[in-house]
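Q: One structure coming up, written as structure tokens, with questions to follow.
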Number of protein chains: 2
Amino acid sequence: MTTTVTTAPAATEAPTAPASLSALARALSAPKGFGDASLRRRRPGDIELLGGIPDDTALPVEALLASAERVLRGARSGPAAFQYSQSAGLDDLRGWIAAREGVDPARVIVTNGGFHGLSLAVLTLVERGDAVAVDNPIFPLFLRALELSDGRPVPVRVGPDGLDVDDLERQLRAGARPVAVYTVPDFHNPSQGTLPTDQRVRLVDLAERYGFVVLADNPYRELRFRGADEDSTILSTSDRVVHVNTFSKTLGPGLRLGWVVASEELASAFVTLRNRQDSHTSTLEQQIVVDLLTHDPAWFDTTLARARDLYRERADVLVDALHERLPGIVETRRPDGGFFLWPRLTDASIDPVRLHAESAERGATYQQGEFFASGGRREFADHLRLAYGNHTTDTLLAFVDRLGAAVDAVRASHPA
Amino acid sequence: MTTTVTTAPAATEAPTAPASLSALARALSAPKGFGDASLRRRRPGDIELLGGIPDDTALPVEALLASAERVLRGARSGPAAFQYSQSAGLDDLRGWIAAREGVDPARVIVTNGGFHGLSLAVLTLVERGDAVAVDNPIFPLFLRALELSDGRPVPVRVGPDGLDVDDLERQLRAGARPVAVYTVPDFHNPSQGTLPTDQRVRLVDLAERYGFVVLADNPYRELRFRGADEDSTILSTSDRVVHVNTFSKTLGPGLRLGWVVASEELASAFVTLRNRQDSHTSTLEQQIVVDLLTHDPAWFDTTLARARDLYRERADVLVDALHERLPGIVETRRPDGGFFLWPRLTDASIDPVRLHAESAERGATYQQGEFFASGGRREFADHLRLAYGNHTTDTLLAFVDRLGAAVDAVRASHPA
């Protein structure tokens, strides 16, 4: 018997390489360090103080269900909740947000969460190679958003009161010409500080003078649990600011619902861009949330007040426990709001990388300070970012016990 | 009394121009024609056969509420529905989709609707200036998505059975080297046709041979109401295809919930990009929809069967009424599925622009065929796109009456 040799059909003769990715897709960095949960081994019983996550008990499960019932059974909505709606967001929701911000609804654009607002702003304002002044330390995921436009981060010092506007002005006078300045004004992530009102005004003055746009990323502003608010009016009313906000820390990040306040010109550019992405945020979800916010006008502030009490207690328990268990070893500052504690190791004999490993070994994980450096150097290695929002006080005490044991282990292996 | 002259503070001396937009933002075209509802005057009583919109009565209002109750009161979910989840989508939802597509869940990425999938594919695959072969006529919003990467559309003829693969192959042999080919394989928008199974296979063969990716935009595939399905297996299993799908036409476009099926390499690139946009689709909405799809495994197909009956009746009533009211004036083809009728004016004495105006004057609006040309020329002016999905048969009959009166008016003013 002979084997018949056939010619392979043309289509399979010369199979080409797999689909080639665009330069943009190739340039997006592979996940590493911060934000990549897959790199961690998780074990049952681990205590993870990793993310700016609201507590399950602070989330409006029953209230949202009641809103869903009103929306789906309501005369005004029903099937309308399933149909297309405007890219800028539902008028009712934009109106509620605008009233709370004290601005014209035309300045408000609904987004899929705060990060989406940052992403829209980067694409709309930043060209390849443009300088963008950024917090140092920084919320590191902003650097990933910046990759969308291949922007070049220029670190600006962040002090105990947020962005160091002196440092920014020094760099501007020295010739830096950023197209945008990124900062977290309230309860800075990771370093806790809040930018004082006069520095907000000064920052916007600099924006006017040097022609940049301020990207004010403000997810935690509603979570002040101590002291008085700094005035955010300038951030929502200046045409030189994109004020990025979200319901993620108040109603829940899984909703992916946020908003930006910006000039009408920028708001219009965001809508134009959005029309080339996903058209609009879920009509159903917007209708449910606007019902939640308006059905009982006192509901949101009552809910926030309860959440603030919860987070204040947790912050205080964590700070007190660190002082008690690790005196002279970590330096802390009592937070005024938000989800983060940014203690510094004052004992130089402790290797922070070793400490992180020993602590993880004991089931207590946190973010290492060095992940928050925007300058490319290994800064902030002596800091820990502890996210306390979604842990009970008992769990926080157990975390500090484990961290303390890790400190003991590191010190025992390197006797002074 | 003398007036004191003070020096204006430096910050206000030289206010700069408003924020300058990125080249990308400037390049995005202003809305015109198709898809820009704001350009139309709407009057009460107008009948608008404008969009591919499912009927209110086909949307699962009560079933979705029941799912919301189960999710929010459920042991497995509750507050988890408000928390962050994976960018690729919930495992349960990806699993349901993968089972229905007959593919590995790793090939499935959840998106905010079908358009979002197209947008991710364009950003991931197309470089500035790259040729992208596209349907002609085309779903025009794809050309807007293409602006995100400044891709160059290369029109390919669409015939009665969808994309004319002969025309594509002719252009490829003549040297065209598109990085992607965009087409709607089932119930083409706007021209109704469905690509036969053998042409799907041939298209993917060409993709292998010439190294392009097929963007198969398939929002209507579940809405066949006559005849037998063409086989979509190759579209979901080939690594050379991004199969773009959505629940928009079945569960409602306002949910902004869809998916793509792609190679694991492309799926991973989409997730990386998504991590720089809005992180993930609403956890709450995904949980509710996966409950809706799985609580009663027969529910989705039963619901679809009812919807298909509804749309078939509407399509038939519209076609019959056009034949009866406008014999010899429009040529129609009975649709096998989807939401669109693409009649052609056979009476050359009728000016289509004039007809559209006279018809709108009488409260009957539709999309003009010329908006669907991808070649830059004024093709398809003799076509009308009539979207019948969201109108009762009575409304469709009234529409045809008004259109008929408009035809009479145009003919009366230009006697033969």
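To be explicit about the labels: the chains of the structure tokens are called A, B, and onward in the order shown, and within each one the residues are counted from 1, while ligands get numbers from 1 in the order they are shown.
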Using only C-alpha atoms, find the residues of chain A whose closest atom to chain B is at most 6 Å away, then write them as a PyMOL selection string.
A: chain A and resi 11+15-16+21-22+25+56+79+82-84+112+115-116+119+124-127+145+205+208-209+211+252-256+276-278+282-283
Q: So which residues touch Gly95 of chain A within 12 Å, counting only C-alpha atoms, skipping near sequence neighbours fewer than 2 positions away, as a ChimeraX atom specification?
A: /A:88-93,97-110,259,290,293-294
Q: Take the residues that were just selected and, keeping N, CA, C and O atoms, output them as a CSV table (one decimal), in the first residue's frame.
A:
chain,number,residue,atom,x,y,z
A,88,ALA,N,-23.6,61.3,28.8
A,88,ALA,CA,-23.2,62.1,29.9
A,88,ALA,C,-23.7,61.6,31.2
A,88,ALA,O,-23.2,62.0,32.3
A,89,GLY,N,-24.7,60.8,31.1
A,89,GLY,CA,-25.4,60.3,32.4
A,89,GLY,C,-26.8,60.7,32.5
A,89,GLY,O,-27.2,61.6,31.7
A,90,LEU,N,-27.6,60.1,33.3
A,90,LEU,CA,-29.0,60.4,33.5
A,90,LEU,C,-29.1,61.8,34.1
A,90,LEU,O,-28.4,62.2,35.0
A,91,ASP,N,-30.0,62.6,33.5
A,91,ASP,CA,-30.2,64.0,34.0
A,91,ASP,C,-30.5,64.0,35.5
A,91,ASP,O,-29.9,64.9,36.2
A,92,ASP,N,-31.3,63.1,36.0
A,92,ASP,CA,-31.6,63.1,37.5
A,92,ASP,C,-30.3,62.9,38.3
A,92,ASP,O,-30.1,63.5,39.3
A,93,LEU,N,-29.5,62.0,37.9
A,93,LEU,CA,-28.2,61.7,38.6
A,93,LEU,C,-27.3,62.9,38.5
A,93,LEU,O,-26.7,63.3,39.5
A,97,ILE,N,-25.9,65.2,41.7
A,97,ILE,CA,-24.4,65.4,41.9
A,97,ILE,C,-24.1,66.9,41.8
A,97,ILE,O,-23.4,67.5,42.6
A,98,ALA,N,-24.7,67.6,40.8
A,98,ALA,CA,-24.4,69.0,40.6
A,98,ALA,C,-24.9,69.8,41.8
A,98,ALA,O,-24.2,70.7,42.2
A,99,ALA,N,-26.0,69.5,42.3
A,99,ALA,CA,-26.5,70.2,43.5
A,99,ALA,C,-25.6,70.0,44.7
A,99,ALA,O,-25.3,70.9,45.4
A,100,ARG,N,-25.1,68.8,44.9
A,100,ARG,CA,-24.2,68.5,46.0
A,100,ARG,C,-22.8,69.2,45.8
A,100,ARG,O,-22.2,69.7,46.7
A,101,GLU,N,-22.4,69.3,44.5
A,101,GLU,CA,-21.1,70.0,44.2
A,101,GLU,C,-21.3,71.5,44.1
A,101,GLU,O,-20.3,72.2,44.1
A,102,GLY,N,-22.6,71.9,44.0
A,102,GLY,CA,-22.8,73.4,43.8
A,102,GLY,C,-22.3,73.9,42.4
A,102,GLY,O,-21.8,75.0,42.3
A,103,VAL,N,-22.6,73.1,41.4
A,103,VAL,CA,-22.2,73.5,40.1
A,103,VAL,C,-23.3,73.2,39.1
A,103,VAL,O,-24.3,72.6,39.4
A,104,ASP,N,-23.2,73.7,37.9
A,104,ASP,CA,-24.1,73.5,36.8
A,104,ASP,C,-24.1,72.0,36.4
A,104,ASP,O,-23.0,71.5,36.2
A,105,PRO,N,-25.2,71.4,36.2
A,105,PRO,CA,-25.2,70.0,35.7
A,105,PRO,C,-24.4,69.8,34.5
A,105,PRO,O,-23.9,68.6,34.2
A,106,ALA,N,-24.2,70.8,33.6
A,106,ALA,CA,-23.5,70.6,32.4
A,106,ALA,C,-22.0,70.3,32.7
A,106,ALA,O,-21.3,69.8,31.8
A,107,ARG,N,-21.5,70.6,33.9
A,107,ARG,CA,-20.2,70.3,34.3
A,107,ARG,C,-20.0,68.9,34.8
A,107,ARG,O,-18.8,68.5,35.1
A,108,VAL,N,-21.0,68.1,34.9
A,108,VAL,CA,-21.0,66.8,35.5
A,108,VAL,C,-21.1,65.7,34.5
A,108,VAL,O,-22.1,65.7,33.7
A,109,ILE,N,-20.2,64.8,34.4
A,109,ILE,CA,-20.3,63.6,33.6
A,109,ILE,C,-20.2,62.4,34.4
A,109,ILE,O,-19.3,62.2,35.2
A,110,VAL,N,-21.2,61.5,34.2
A,110,VAL,CA,-21.2,60.2,35.0
A,110,VAL,C,-20.2,59.3,34.3
A,110,VAL,O,-20.1,59.2,33.1
A,259,TRP,N,-18.1,60.1,38.9
A,259,TRP,CA,-18.4,61.2,38.0
A,259,TRP,C,-17.2,62.1,38.0
A,259,TRP,O,-16.3,62.0,38.8
A,290,VAL,N,-29.8,56.7,41.7
A,290,VAL,CA,-30.4,58.1,41.9
A,290,VAL,C,-31.7,57.9,42.7
A,290,VAL,O,-32.0,58.8,43.5
A,293,LEU,N,-30.4,57.8,46.3
A,293,LEU,CA,-30.0,59.1,46.8
A,293,LEU,C,-31.1,60.1,47.0
A,293,LEU,O,-30.9,61.1,47.7
A,294,THR,N,-32.2,59.9,46.3
A,294,THR,CA,-33.2,61.0,46.4
A,294,THR,C,-34.5,60.5,47.1
A,294,THR,O,-35.3,61.4,47.5
Q: So that I can check the surroundings of segment 356-363 of chain B, please list as a ChimeraX atom specification every protein, DNA and RNA residue that reaches within 7 Å of it, counting only C-alpha atoms and ignoring chain neighbours fewer than 6 positions away.
A: /B:45-47,402-403,406
Q: Record the distance separating atom CA of Phe399 of chain A and atom CA of Leu322 of chain A, expressed in Å with one decimal.
A: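 A separation of 9.8 Å between them.
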Q: Find the distance between atom CA of Gly328 of chain B and atom CA of Arg354 of chain B and write it in Å to one decimal.
A: 18.7 Å
Q: List every residue of segment 121-187 of chain B that DSSP, applied to the backbone, labels as alpha helix (DSSP H), and write the result as a list in words.
A: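 The alpha helix (DSSP H) residues within segment 121-187 of chain B come out as Ala121, Val122, Leu123, Thr124, Leu125, Leu141, Phe142, Leu143, Arg144, Ala145, Leu146, Val165, Asp166, Asp167, Leu168, Glu169, Arg170, Gln171, Leu172 and Arg173 of chain B.
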